Each structure stands twice: as C-alpha cells, then as structure tokens.
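upload09.csv follows; it contains CSV, C-alpha atoms.
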```csv
chain,number,residue,atom,x,y,z
A,1445,MET,CA,19.5,40.3,-3.9
A,1446,SER,CA,20.7,38.1,-1.1
A,1447,ASN,CA,22.6,41.1,0.4
A,1448,ASP,CA,19.2,42.8,0.9
A,1449,LEU,CA,17.6,39.8,2.6
A,1450,CYS,CA,18.3,38.6,6.1
A,1451,GLY,CA,19.5,35.0,6.6
A,1452,ASP,CA,16.4,34.0,8.5
A,1453,LEU,CA,14.1,35.1,5.6
A,1454,ILE,CA,16.2,33.3,3.0
A,1455,ALA,CA,16.1,30.1,5.1
A,1456,ASP,CA,12.3,30.5,5.5
A,1457,ILE,CA,11.8,30.9,1.7
A,1458,PHE,CA,14.2,28.0,0.8
A,1459,SER,CA,12.7,25.7,3.4
A,1460,ARG,CA,9.5,25.5,1.3
A,1461,LEU,CA,11.3,24.3,-1.9
A,1462,PRO,CA,11.6,20.7,-3.1
A,1463,THR,CA,14.8,18.8,-2.4
A,1464,LYS,CA,15.8,18.6,-6.0
A,1465,SER,CA,15.9,22.4,-6.3
A,1466,LEU,CA,17.8,22.7,-3.0
A,1467,LEU,CA,20.5,20.3,-4.1
A,1468,ARG,CA,21.1,22.5,-7.2
A,1469,PHE,CA,21.0,25.8,-5.3
A,1470,ARG,CA,23.9,24.6,-3.1
A,1471,SER,CA,26.3,25.6,-5.9
A,1472,VAL,CA,25.1,29.2,-5.9
A,1473,SER,CA,27.4,30.2,-3.0
A,1474,LYS,CA,29.3,28.8,-0.1
A,1475,SER,CA,27.0,30.5,2.4
A,1476,LEU,CA,23.9,29.1,0.8
A,1477,CYS,CA,25.4,25.7,0.7
A,1478,ALA,CA,26.2,25.9,4.4
A,1479,CYS,CA,22.7,27.1,5.1
A,1480,ILE,CA,21.0,24.2,3.2
A,1481,GLY,CA,23.3,21.6,4.8
A,1482,SER,CA,22.8,22.9,8.4
A,1483,PRO,CA,20.9,20.6,10.8
A,1484,ASP,CA,18.5,23.4,11.7
A,1485,PHE,CA,17.5,24.0,8.1
A,1486,ILE,CA,17.2,20.3,7.4
A,1487,GLN,CA,14.9,19.9,10.3
A,1488,LEU,CA,12.8,22.9,9.3
A,1489,HIS,CA,12.6,21.7,5.7
A,1490,SER,CA,11.3,18.2,6.8
A,1491,LEU,CA,8.6,19.8,8.9
A,1492,ARG,CA,7.3,21.7,5.9
A,1493,SER,CA,7.7,19.0,3.3
A,1494,PRO,CA,4.9,16.9,1.9
A,1495,ASN,CA,4.6,13.2,2.3
A,1496,THR,CA,6.1,11.0,-0.4
A,1497,VAL,CA,5.0,7.4,-1.1
A,1498,VAL,CA,8.0,5.2,-2.1
A,1499,VAL,CA,6.9,2.2,-4.3
A,1500,THR,CA,9.4,-0.5,-4.8
A,1501,HIS,CA,9.1,-2.7,-8.0
A,1502,ARG,CA,10.8,-5.9,-9.2
A,1503,ILE,CA,11.0,-6.2,-13.0
A,1504,ARG,CA,11.5,-9.6,-14.5
A,1505,ASP,CA,13.9,-9.6,-17.4
A,1506,LYS,CA,14.1,-12.8,-19.4
A,1507,GLY,CA,17.4,-11.8,-20.9
A,1508,GLU,CA,19.1,-11.2,-17.6
A,1509,ALA,CA,20.2,-13.6,-14.9
A,1510,GLN,CA,18.7,-11.4,-12.1
A,1511,ASP,CA,15.6,-9.4,-11.8
A,1512,LYS,CA,15.9,-5.6,-11.8
A,1513,HIS,CA,14.7,-3.6,-8.8
A,1514,ILE,CA,13.5,0.0,-9.1
A,1515,TYR,CA,11.5,2.5,-7.0
A,1516,THR,CA,9.2,5.4,-7.9
A,1517,LEU,CA,8.3,8.4,-5.8
A,1518,HIS,CA,4.7,9.6,-5.6
A,1519,SER,CA,3.2,12.7,-4.1
A,1520,ASP,CA,-0.3,12.8,-2.6
A,1521,GLY,CA,-2.9,11.9,-5.3
A,1522,GLN,CA,-0.2,10.7,-7.7
A,1523,LEU,CA,-0.5,6.9,-7.0
A,1524,ALA,CA,-1.1,4.7,-10.0
A,1525,TYR,CA,-4.2,2.6,-9.6
A,1526,LYS,CA,-5.2,-0.4,-11.8
A,1527,TYR,CA,-5.3,0.6,-15.5
A,1528,HIS,CA,-3.6,4.0,-14.7
A,1529,PRO,CA,-0.1,4.1,-16.2
A,1530,TYR,CA,3.0,5.6,-14.5
A,1531,THR,CA,3.1,8.4,-17.0
A,1532,GLY,CA,5.6,11.1,-16.2
A,1533,ILE,CA,7.0,9.3,-13.1
A,1534,PRO,CA,10.7,8.7,-13.3
A,1535,THR,CA,12.2,5.3,-12.2
A,1536,ILE,CA,15.2,5.1,-10.0
A,1537,GLU,CA,17.5,2.1,-9.4
A,1538,TYR,CA,16.7,0.5,-6.0
A,1539,PRO,CA,20.0,0.3,-4.0
A,1540,PHE,CA,19.0,-3.0,-2.2
A,1541,LYS,CA,18.3,-6.5,-3.0
A,1542,LYS,CA,16.4,-8.6,-0.5
A,1543,CYS,CA,15.6,-6.4,2.4
A,1544,LYS,CA,13.3,-5.4,5.2
A,1545,ILE,CA,12.2,-1.9,6.0
A,1546,VAL,CA,12.4,-1.5,9.8
A,1547,GLY,CA,10.8,2.0,10.0
A,1548,SER,CA,10.6,5.5,8.6
A,1549,CYS,CA,11.2,8.8,10.3
A,1550,ASN,CA,11.8,12.3,8.9
A,1551,GLY,CA,12.2,11.1,5.4
A,1552,ILE,CA,14.8,8.4,6.4
A,1553,LEU,CA,14.2,4.7,6.1
A,1554,CYS,CA,16.0,2.1,8.2
A,1555,VAL,CA,16.7,-0.8,6.0
A,1556,CYS,CA,18.0,-4.3,6.8
A,1557,GLU,CA,19.5,-6.0,3.7
A,1558,TYR,CA,19.9,-9.7,3.8
A,1559,GLY,CA,22.8,-11.7,2.2
A,1560,THR,CA,25.4,-9.1,2.9
A,1561,GLY,CA,27.9,-8.4,5.7
A,1562,GLU,CA,29.7,-10.8,8.1
A,1563,HIS,CA,26.5,-12.1,9.6
A,1564,GLY,CA,24.5,-12.4,6.4
A,1565,ALA,CA,22.8,-9.0,6.8
A,1566,ARG,CA,23.7,-5.4,6.9
A,1567,LEU,CA,21.9,-2.3,8.2
A,1568,TYR,CA,21.5,1.0,6.4
A,1569,LEU,CA,19.9,4.4,6.8
A,1570,TRP,CA,18.5,5.5,3.4
A,1571,ASN,CA,16.9,8.7,2.1
A,1572,PRO,CA,15.2,8.0,-1.2
A,1573,SER,CA,14.5,11.6,-1.9
A,1574,ILE,CA,18.2,12.5,-2.3
A,1575,ARG,CA,19.4,8.9,-3.0
A,1576,ARG,CA,21.8,8.8,-0.1
A,1577,LYS,CA,22.5,5.9,2.3
A,1578,VAL,CA,24.6,5.3,5.3
A,1579,THR,CA,26.0,2.0,6.6
A,1580,VAL,CA,25.2,1.4,10.2
A,1581,PRO,CA,27.8,-0.7,12.2
A,1582,PHE,CA,25.2,-2.3,14.4
A,1583,ILE,CA,23.7,-5.7,14.8
A,1584,SER,CA,21.8,-6.4,11.6
A,1585,TRP,CA,18.5,-7.6,13.1
A,1586,VAL,CA,16.7,-4.7,14.7
A,1587,ASP,CA,13.1,-3.9,15.6
A,1588,GLY,CA,12.6,-0.1,15.7
A,1589,PHE,CA,13.9,3.2,14.4
A,1590,GLY,CA,13.1,6.8,15.4
A,1591,PHE,CA,14.3,10.3,16.3
A,1592,ASP,CA,15.1,11.6,19.8
A,1593,PRO,CA,14.4,15.3,19.8
A,1594,ILE,CA,16.1,15.8,23.2
A,1595,ILE,CA,19.6,14.9,21.9
A,1596,ASP,CA,18.8,15.6,18.2
A,1597,ASP,CA,19.8,12.1,17.0
A,1598,TYR,CA,18.4,9.0,15.5
A,1599,LYS,CA,18.1,5.7,17.5
A,1600,ILE,CA,17.9,2.1,16.4
A,1601,LEU,CA,16.4,-0.4,18.8
A,1602,ARG,CA,16.8,-4.1,19.2
A,1603,ILE,CA,14.3,-5.9,21.5
A,1604,SER,CA,15.1,-9.1,23.2
A,1605,LYS,CA,13.8,-10.8,26.4
A,1606,ALA,CA,17.4,-11.5,27.4
A,1607,GLY,CA,18.5,-7.9,26.9
A,1608,SER,CA,17.6,-5.1,24.6
A,1609,SER,CA,20.0,-2.5,23.1
A,1610,VAL,CA,19.9,1.0,21.6
A,1611,TYR,CA,22.3,2.3,19.0
A,1612,THR,CA,22.7,6.1,18.6
A,1613,VAL,CA,23.6,7.2,15.1
A,1614,LYS,CA,25.7,10.4,15.5
A,1615,THR,CA,27.7,9.1,18.5
A,1616,ARG,CA,28.0,5.6,17.0
A,1617,THR,CA,27.5,4.1,20.5
A,1618,CYS,CA,25.5,1.1,21.5
A,1619,ARG,CA,24.0,0.6,25.0
A,1620,VAL,CA,22.2,-2.2,26.7
A,1621,ILE,CA,18.9,-1.2,28.2
A,1622,ALA,CA,16.1,-2.8,30.2
A,1623,SER,CA,13.9,-5.1,28.2
A,1624,PRO,CA,10.1,-4.8,28.3
A,1625,ILE,CA,8.6,-5.9,31.7
A,1626,ALA,CA,5.2,-6.9,30.3
A,1627,PRO,CA,5.2,-10.4,29.0
A,1628,PHE,CA,4.7,-10.9,25.2
A,1629,SER,CA,4.7,-13.8,22.9
A,1630,SER,CA,5.3,-12.0,19.6
A,1631,TRP,CA,4.6,-8.8,17.7
A,1632,LYS,CA,3.7,-8.7,14.1
A,1633,SER,CA,2.9,-5.0,13.4
A,1634,TYR,CA,5.0,-2.5,11.6
A,1635,GLN,CA,6.2,0.2,13.9
A,1636,CYS,CA,4.2,3.4,14.3
A,1637,ILE,CA,5.6,6.7,15.7
A,1638,ARG,CA,3.5,9.0,17.8
A,1639,ASN,CA,4.3,11.4,20.7
A,1640,GLY,CA,8.0,10.7,20.5
A,1641,ALA,CA,7.5,6.9,21.0
A,1642,LEU,CA,7.5,3.8,18.9
A,1643,HIS,CA,4.4,1.6,19.0
A,1644,TRP,CA,3.7,-2.0,18.1
A,1645,THR,CA,0.7,-4.3,18.6
A,1646,VAL,CA,1.7,-7.2,20.7
A,1647,LYS,CA,0.2,-10.6,21.3
A,1648,ARG,CA,0.5,-12.7,24.5
A,1649,TYR,CA,-1.2,-15.9,25.6
A,1650,LEU,CA,-3.1,-15.8,28.9
A,1651,THR,CA,-3.7,-19.5,28.5
A,1652,ARG,CA,-3.0,-22.0,25.8
A,1653,ASP,CA,-6.2,-21.0,23.9
A,1654,ILE,CA,-6.8,-17.4,25.1
A,1655,ARG,CA,-4.9,-14.6,23.5
A,1656,HIS,CA,-4.6,-11.0,24.7
A,1657,TYR,CA,-3.5,-8.0,22.5
A,1658,TYR,CA,-2.1,-4.7,23.7
A,1659,ILE,CA,0.2,-1.9,22.4
A,1660,MET,CA,3.8,-1.9,23.5
A,1661,THR,CA,5.6,1.4,23.4
A,1662,PHE,CA,9.2,2.6,23.6
A,1663,ASP,CA,9.9,6.3,24.5
A,1664,LEU,CA,12.8,7.4,22.3
A,1665,SER,CA,14.1,9.9,24.8
A,1666,SER,CA,13.7,8.1,28.2
A,1667,GLU,CA,14.4,4.7,26.5
A,1668,VAL,CA,11.7,3.1,28.6
A,1669,PHE,CA,9.1,0.5,27.5
A,1670,SER,CA,5.5,0.8,28.4
A,1671,THR,CA,2.0,-0.5,27.4
A,1672,ILE,CA,-1.3,0.8,26.3
A,1673,GLU,CA,-4.4,-1.3,26.7
A,1674,LEU,CA,-6.6,-1.8,23.7
A,1675,PRO,CA,-10.4,-1.2,23.6
A,1676,GLU,CA,-11.1,-4.9,22.8
A,1677,PRO,CA,-8.0,-6.9,24.0
A,1678,SER,CA,-9.5,-10.2,23.0
A,1679,TRP,CA,-10.0,-9.1,19.3
A,1680,LYS,CA,-7.3,-9.8,16.8
A,1681,THR,CA,-5.3,-6.6,16.5
A,1682,ARG,CA,-2.2,-6.5,14.3
A,1683,LEU,CA,-2.5,-3.1,12.7
A,1684,VAL,CA,-1.5,0.2,14.4
A,1685,THR,CA,-1.2,3.6,12.6
A,1686,VAL,CA,-1.8,7.3,13.0
A,1687,ILE,CA,-5.0,8.9,11.6
A,1688,LYS,CA,-5.2,12.7,11.6
A,1689,GLY,CA,-2.6,12.9,14.3
A,1690,SER,CA,-4.2,10.4,16.6
A,1691,LEU,CA,-3.1,6.8,17.5
A,1692,ALA,CA,-5.3,4.3,15.8
A,1693,VAL,CA,-5.7,0.5,15.6
A,1694,ILE,CA,-7.7,-1.9,13.5
A,1695,SER,CA,-9.3,-4.8,15.3
A,1696,THR,CA,-10.8,-7.6,13.3
A,1697,LYS,CA,-13.0,-10.7,13.4
A,1698,PRO,CA,-13.5,-13.1,10.5
A,1699,ASP,CA,-16.2,-11.0,8.8
A,1700,TYR,CA,-16.1,-7.8,10.9
A,1701,SER,CA,-13.6,-5.0,11.5
A,1702,VAL,CA,-13.5,-1.8,13.6
A,1703,ILE,CA,-11.2,1.2,13.3
A,1704,TRP,CA,-10.5,2.7,16.7
A,1705,VAL,CA,-8.9,6.1,17.4
A,1706,MET,CA,-7.4,7.3,20.7
A,1707,ARG,CA,-8.6,10.9,21.0
A,1708,GLU,CA,-6.4,11.7,23.9
A,1709,TYR,CA,-3.0,10.1,23.9
A,1710,ASN,CA,-2.3,7.4,26.5
A,1711,ASN,CA,-5.9,7.7,27.9
A,1712,THR,CA,-7.5,4.4,27.3
A,1713,ALA,CA,-10.9,5.9,28.1
A,1714,SER,CA,-10.7,8.0,25.0
A,1715,TRP,CA,-10.7,5.1,22.5
A,1716,SER,CA,-13.6,5.7,20.1
A,1717,VAL,CA,-14.9,4.0,17.0
A,1718,VAL,CA,-14.5,5.9,13.8
A,1719,SER,CA,-15.6,3.2,11.4
A,1720,GLU,CA,-17.4,-0.2,11.7
A,1721,LEU,CA,-17.4,-2.5,8.7
A,1722,ASN,CA,-19.5,-5.6,8.1
A,1723,SER,CA,-16.5,-7.1,6.3
A,1724,ASN,CA,-12.8,-7.5,6.8
A,1725,PRO,CA,-11.0,-5.7,4.0
A,1726,PHE,CA,-7.8,-5.8,6.1
A,1727,LYS,CA,-7.6,-9.6,6.2
A,1728,GLY,CA,-4.0,-10.7,5.7
A,1729,ALA,CA,-2.8,-7.1,5.9
A,1730,GLN,CA,0.7,-6.5,7.4
A,1731,ARG,CA,0.6,-2.7,7.6
A,1732,VAL,CA,-1.8,0.2,7.0
A,1733,VAL,CA,-0.7,3.8,6.4
A,1734,PRO,CA,-2.8,6.9,5.7
A,1735,ILE,CA,-1.4,8.1,2.3
A,1736,THR,CA,-3.7,10.9,1.2
A,1737,PRO,CA,-5.1,14.1,2.8
A,1738,ASN,CA,-8.4,12.2,3.0
A,1739,ASP,CA,-6.7,9.5,5.2
A,1740,GLU,CA,-7.3,6.7,2.8
A,1741,LEU,CA,-5.7,3.6,4.2
A,1742,GLN,CA,-3.1,1.7,2.3
A,1743,CYS,CA,-3.5,-2.1,2.9
A,1744,ILE,CA,-0.7,-4.4,2.1
A,1745,SER,CA,-2.2,-7.9,1.7
A,1746,PHE,CA,-0.5,-11.3,1.3
A,1747,LYS,CA,-3.7,-13.3,1.0
A,1748,TYR,CA,-3.0,-14.9,-2.4
A,1749,TYR,CA,0.0,-13.0,-3.6
A,1750,LYS,CA,1.6,-9.7,-2.6
A,1751,GLU,CA,-0.7,-6.8,-3.7
A,1752,ILE,CA,-1.0,-3.2,-2.5
A,1753,LEU,CA,-4.5,-2.1,-1.9
A,1754,VAL,CA,-5.9,1.4,-1.1
A,1755,TYR,CA,-9.0,1.3,0.9
A,1756,ASN,CA,-11.3,4.2,1.9
A,1757,PRO,CA,-13.4,3.2,5.0
A,1758,LYS,CA,-16.0,5.9,4.3
A,1759,THR,CA,-16.8,4.8,0.8
A,1760,GLN,CA,-15.7,1.2,1.4
A,1761,VAL,CA,-14.1,1.3,-2.0
A,1762,ARG,CA,-10.9,-0.8,-2.4
A,1763,MET,CA,-8.6,-0.3,-5.3
A,1764,ARG,CA,-5.4,-2.2,-6.3
A,1765,LEU,CA,-2.2,-0.3,-7.1
A,1766,ALA,CA,-1.1,-0.9,-10.7
A,1767,ASP,CA,2.1,-2.7,-11.4
A,1768,PHE,CA,4.8,-0.7,-13.3
A,1769,SER,CA,4.5,-3.0,-16.3
A,1770,ASP,CA,3.2,-6.4,-17.3
A,1771,SER,CA,6.5,-8.0,-16.2
A,1772,SER,CA,6.8,-6.2,-12.9
A,1773,LEU,CA,5.6,-6.8,-9.3
A,1774,ILE,CA,5.2,-4.3,-6.5
A,1775,LEU,CA,7.4,-5.4,-3.6
A,1776,ASP,CA,6.6,-2.8,-1.0
A,1777,VAL,CA,5.2,0.7,-0.3
A,1778,ASN,CA,6.5,3.1,2.4
A,1779,LEU,CA,5.5,6.5,3.5
A,1780,CYS,CA,8.1,9.2,4.2
A,1781,VAL,CA,8.5,13.0,4.0
A,1782,GLU,CA,10.6,14.6,1.3
A,1783,SER,CA,13.7,15.7,3.2
A,1784,LEU,CA,17.4,16.4,3.2
A,1785,GLY,CA,18.2,14.0,6.0
A,1786,LEU,CA,21.7,12.3,5.7
A,1787,LEU,CA,22.9,15.1,3.4
A,1788,ASP,CA,26.0,15.6,5.5
A,1789,MET,CA,26.9,11.9,5.7
A,1790,GLY,CA,26.9,8.7,3.8
A,1791,LEU,CA,27.3,7.9,0.1
A,1792,HIS,CA,25.2,9.1,-2.9
A,1793,GLU,CA,24.0,6.4,-5.2
A,1794,GLY,CA,25.0,6.8,-8.9
A,1795,SER,CA,26.1,10.2,-10.2
A,1796,LYS,CA,27.3,13.1,-8.1
A,1797,LEU,CA,24.7,15.2,-6.3
A,1798,PRO,CA,23.5,18.2,-8.3
A,1799,GLY,CA,25.2,21.4,-7.3
A,1800,LYS,CA,28.3,19.8,-5.8
A,1801,GLN,CA,30.9,20.7,-8.5
A,1802,GLU,CA,32.3,23.6,-6.5
A,1803,GLU,CA,32.7,21.5,-3.3
A,1804,ASN,CA,34.3,18.6,-5.2
A,1805,LYS,CA,36.9,21.0,-6.6
```

So that I can check it, write out the structure of this file as structure tokens.
Amino acid sequence: MSNDLCGDLIADIFSRLPTKSLLRFRSVSKSLCACIGSPDFIQLHSLRSPNTVVVTHRIRDKGEAQDKHIYTLHSDGQLAYKYHPYTGIPTIEYPFKKCKIVGSCNGILCVCEYGTGEHGARLYLWNPSIRRKVTVPFISWVDGFGFDPIIDDYKILRISKAGSSVYTVKTRTCRVIASPIAPFSSWKSYQCIRNGALHWTVKRYLTRDIRHYYIMTFDLSSEVFSTIELPEPSWKTRLVTVIKGSLAVISTKPDYSVIWVMREYNNTASWSVVSELNSNPFKGAQRVVPITPNDELQCISFKYYKEILVYNPKTQVRMRLADFSDSSLILDVNLCVESLGLLDMGLHEGSKLPGKQEENK
C-alpha cells in the first residue's frame, strides 16, 4: 500500500496519530522510521497534536523509606476532580525527585532537579509523552526556556543583573548576552510564551512603599529584552498566560480581580477587560494555565497547603483536582502538547521504546 502513496501523503496521515502509535510504527520499515524521526515530521506532528495535562503525584508509603513519585497524563476533559477517581488512567514513574519546572515548549519541559550534580542541581529536557530526557550541561539555575524558529533550536535563558546568558541545545554553546535594561526588583510569575518571546510579570519599587508592575519579555530569536506596560501598573499582577491566542494577565486586589487580554500584541491600547470578579479566587496562585477548550483557568494555590484548583471565570465555579489516592498529594500540574520531541536524542526511561527492536539489532 505504501508503494501507491506518496511520501507527503503518508507523512500527513501519520502526523495526526498519537505518539504511542507512532513509536510502534517505526518498526514497520526503515523508511517509515526515518520519516517519523525526522525534524520536519516531529514539528508537523506537534502542531497537530492536542494539549496534554501532566499531573505529578507524591505517594506516601509507610513501608518505604522514601515517598514514591508518579505522573499521569490527561487529555482535555479528562482531569479528575474531587470524588472522581483516576479510572483507566495509567501511572508512570516520575523520573525526578525534588525539582522545578522552568518552562514548557512543544511538548518538552525544562526541569531543574535539586540535590544532583556538582553544584547541587542538574538541568534536563524531558518529554513526558515518550518518556525521554536529556541532560543539559548548563548552569543549573535558569529562568526561561523556549524555541527559536529561525535557527530551529531550543534555548535556555539565565537572567542576571550582572550578566545574562543563553544556552543553545543543538550546538551545545553558551553565550553571554545583554541583561535587561529596565530596572526590576523581582519576578514571580511562571514564564509564558507568545509571539516567539518569553513573558514574565515583574515588580519594581518606585519608592520604598510604591510598587510598579510590568511585563518583561525576551525575544528568542533576537535575544533582546523588552517591556510591555500593564493596564493597571499599580495593581498586584503576578499571573501572565495566554487565553485564546492572546496575551493575558490577572490583576488583583484583596477582594477584587480582573482578567485583562491584549487584543493586539504589543499594543498597550488594546488591553481590554474580559472578566471582573468581586472576589479573588486567584489569591496565593503561582500560575494559571488554560487547560480546556473552554479556557477554564487552572489555579495553583499555596494558601493553606498545595492544592490544584480549576476555575471558570464565566460561571465562577471553582473545583479542586482530586488526589490520586488517600495517601497521595498533587505536587504540580503542567500543560504541554503530545509530541515526539527529543526522540533523536537523550535516554528513554525504563524499558526500550516500542518499535525499536530492529534498530537495536
């Protein structure tokens, strides 16, 4: 059958399949294996793949000296809310202990794991969909991660007032770049990628008691820092995300919150209010991510203990994600696309990849 189909049509059909099937199909023939592992196919597949929610759990085991860490993968609408069991959802051993997720891009997560390496930490790129990770020989503490489409490569960013640096993954090179010009005291938000740039909400003090918030950006191609003014700079703004393709921020006061969306990118006059709430359901939140086609916002709160909340601004209904079991605790939730990224590099966790018997021989 493959002799009667052109290569472009075969690639188009296969690019719509899940990663699990593609890994098996690599053993069909050498040509198909080469097609599935090619950079062009991997990029096409990631553009057509659905979002996947990665939920990390810690399970307490009284009979073991250390707790067990696992993760589960959830498609849209498959999240387990309170009193909803994880029926039919397989568990996978989590390959890290204590760690921080720096960012997510094209199905790849940049992970900083503490307690390892010469400096007490080690940096990895990890694809949870195909269980593959790559050790990055770069300084462990980093601040941003994204993809540069101009050079077709991933970049890892470290920000410092004394001197910032960028590591390029394929070439394995590190360069010192100019640090941000705009003054800042600290930034607390999780990174957000929009229009080929990284975004964070940043705080700086105009005086001892007066704070000013703005968005700091880093263009992944030009490697230049810039700023975007917020609609209400004096309001507390720690949350930046993307809603329906537009840059969005959540500004809060003690009992009031507003969701702003920038209709035209980098045009401060286009900030508009999409939701006003006479409450602050985002109090204590560290990150918000749209996780469903309806753009429900996932709220990670540390108010009393770590809990993962899903909040819908339209209905103002807030639901708590269920723990995996009575003896487990949700550690983190991340959003990524199901992709084949890192397929041609790094190590696979656990057993051999499906469909690789022929290549191993």

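Atom CA of A:Thr1617 to atom CA of A:Ile1595 spans 13.5 Å [interatomic distance, one decimal].
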
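The shortest atom-to-atom distance to A:Asn1639, with only C-alpha atoms taken into account, belongs to A:Ser1690 out of A:Ser1609, A:Gln1487, A:Thr1531, A:Ser1690.
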
Work out how far atom CA of A:Pro1483 is from atom CA of A:Asp1592, in Å to one decimal.
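That distance, rounded to one decimal, is 14.0 Å.
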
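For the pair atom CA of A:Ala1641 and atom CA of A:Val1578, the interatomic distance is 23.3 Å.
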
Using only C-alpha atoms, which residues sit within 10 Å of A:Pro1593 once same-chain residues fewer than 5 positions away are excluded, as a list in words?
Tyr1598, Gly1640, Leu1664 and Ser1665 of chain A

Nearest to A:Asn1778, chosen from A:Phe1469, A:Tyr1515, A:Trp1644, A:Phe1540, with only C-alpha atoms counted in the distances:
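Ranked by minimum distance to A:Asn1778, first place goes to A:Tyr1515.
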
For A:Glu1708, please output as a PyMOL selection string all residues within 12 Å (counting all atoms listed in the file; exclusion window: fewer than 2 positions along the same chain).
chain A and resi 1638-1639+1689-1692+1705-1706+1710-1716

Please produce an output containing C-alpha atoms for each residue in the selection, written as a short mmCIF file (atom, residue, chain, number, x, y, z; two decimals), in the coordinates of the input.
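Output contents, as saved in again30.cif:
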```cif
data_model
loop_
_atom_site.label_atom_id
_atom_site.label_comp_id
_atom_site.auth_asym_id
_atom_site.auth_seq_id
_atom_site.Cartn_x
_atom_site.Cartn_y
_atom_site.Cartn_z
CA ARG A 1638 3.50 9.00 17.80
CA ASN A 1639 4.30 11.40 20.70
CA GLY A 1689 -2.60 12.90 14.30
CA SER A 1690 -4.20 10.40 16.60
CA LEU A 1691 -3.10 6.80 17.50
CA ALA A 1692 -5.30 4.30 15.80
CA VAL A 1705 -8.90 6.10 17.40
CA MET A 1706 -7.40 7.30 20.70
CA ASN A 1710 -2.30 7.40 26.50
CA ASN A 1711 -5.90 7.70 27.90
CA THR A 1712 -7.50 4.40 27.30
CA ALA A 1713 -10.90 5.90 28.10
CA SER A 1714 -10.70 8.00 25.00
CA TRP A 1715 -10.70 5.10 22.50
CA SER A 1716 -13.60 5.70 20.10
#
```

Surrounding residues of A:Pro1677 excluding itself and chain neighbours under 4 positions, 7 Å, only C-alpha atoms, as an MDAnalysis selection string
chainID A and resid 1656:1658

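Candidate residues A:Ala1626, A:Ile1752, A:Ile1514, A:Val1702 were compared for distance to A:Asn1722, and the nearest is A:Val1702, using all atoms listed in the file.
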
Would you mind telling me which residue in A:Leu1779, A:Pro1581, A:Lys1512, A:Pro1624 lies nearest to A:Thr1612 when using all atoms listed in the file?
A:Pro1581

Could you pull the residues within 12 Å of A:Phe1582, counting all atoms listed in the file, minus those fewer than 6 positions along the same chain, as a PyMOL selection string?
chain A and resi 1554+1556+1561-1563+1565-1569+1599-1602+1609-1613+1616-1619
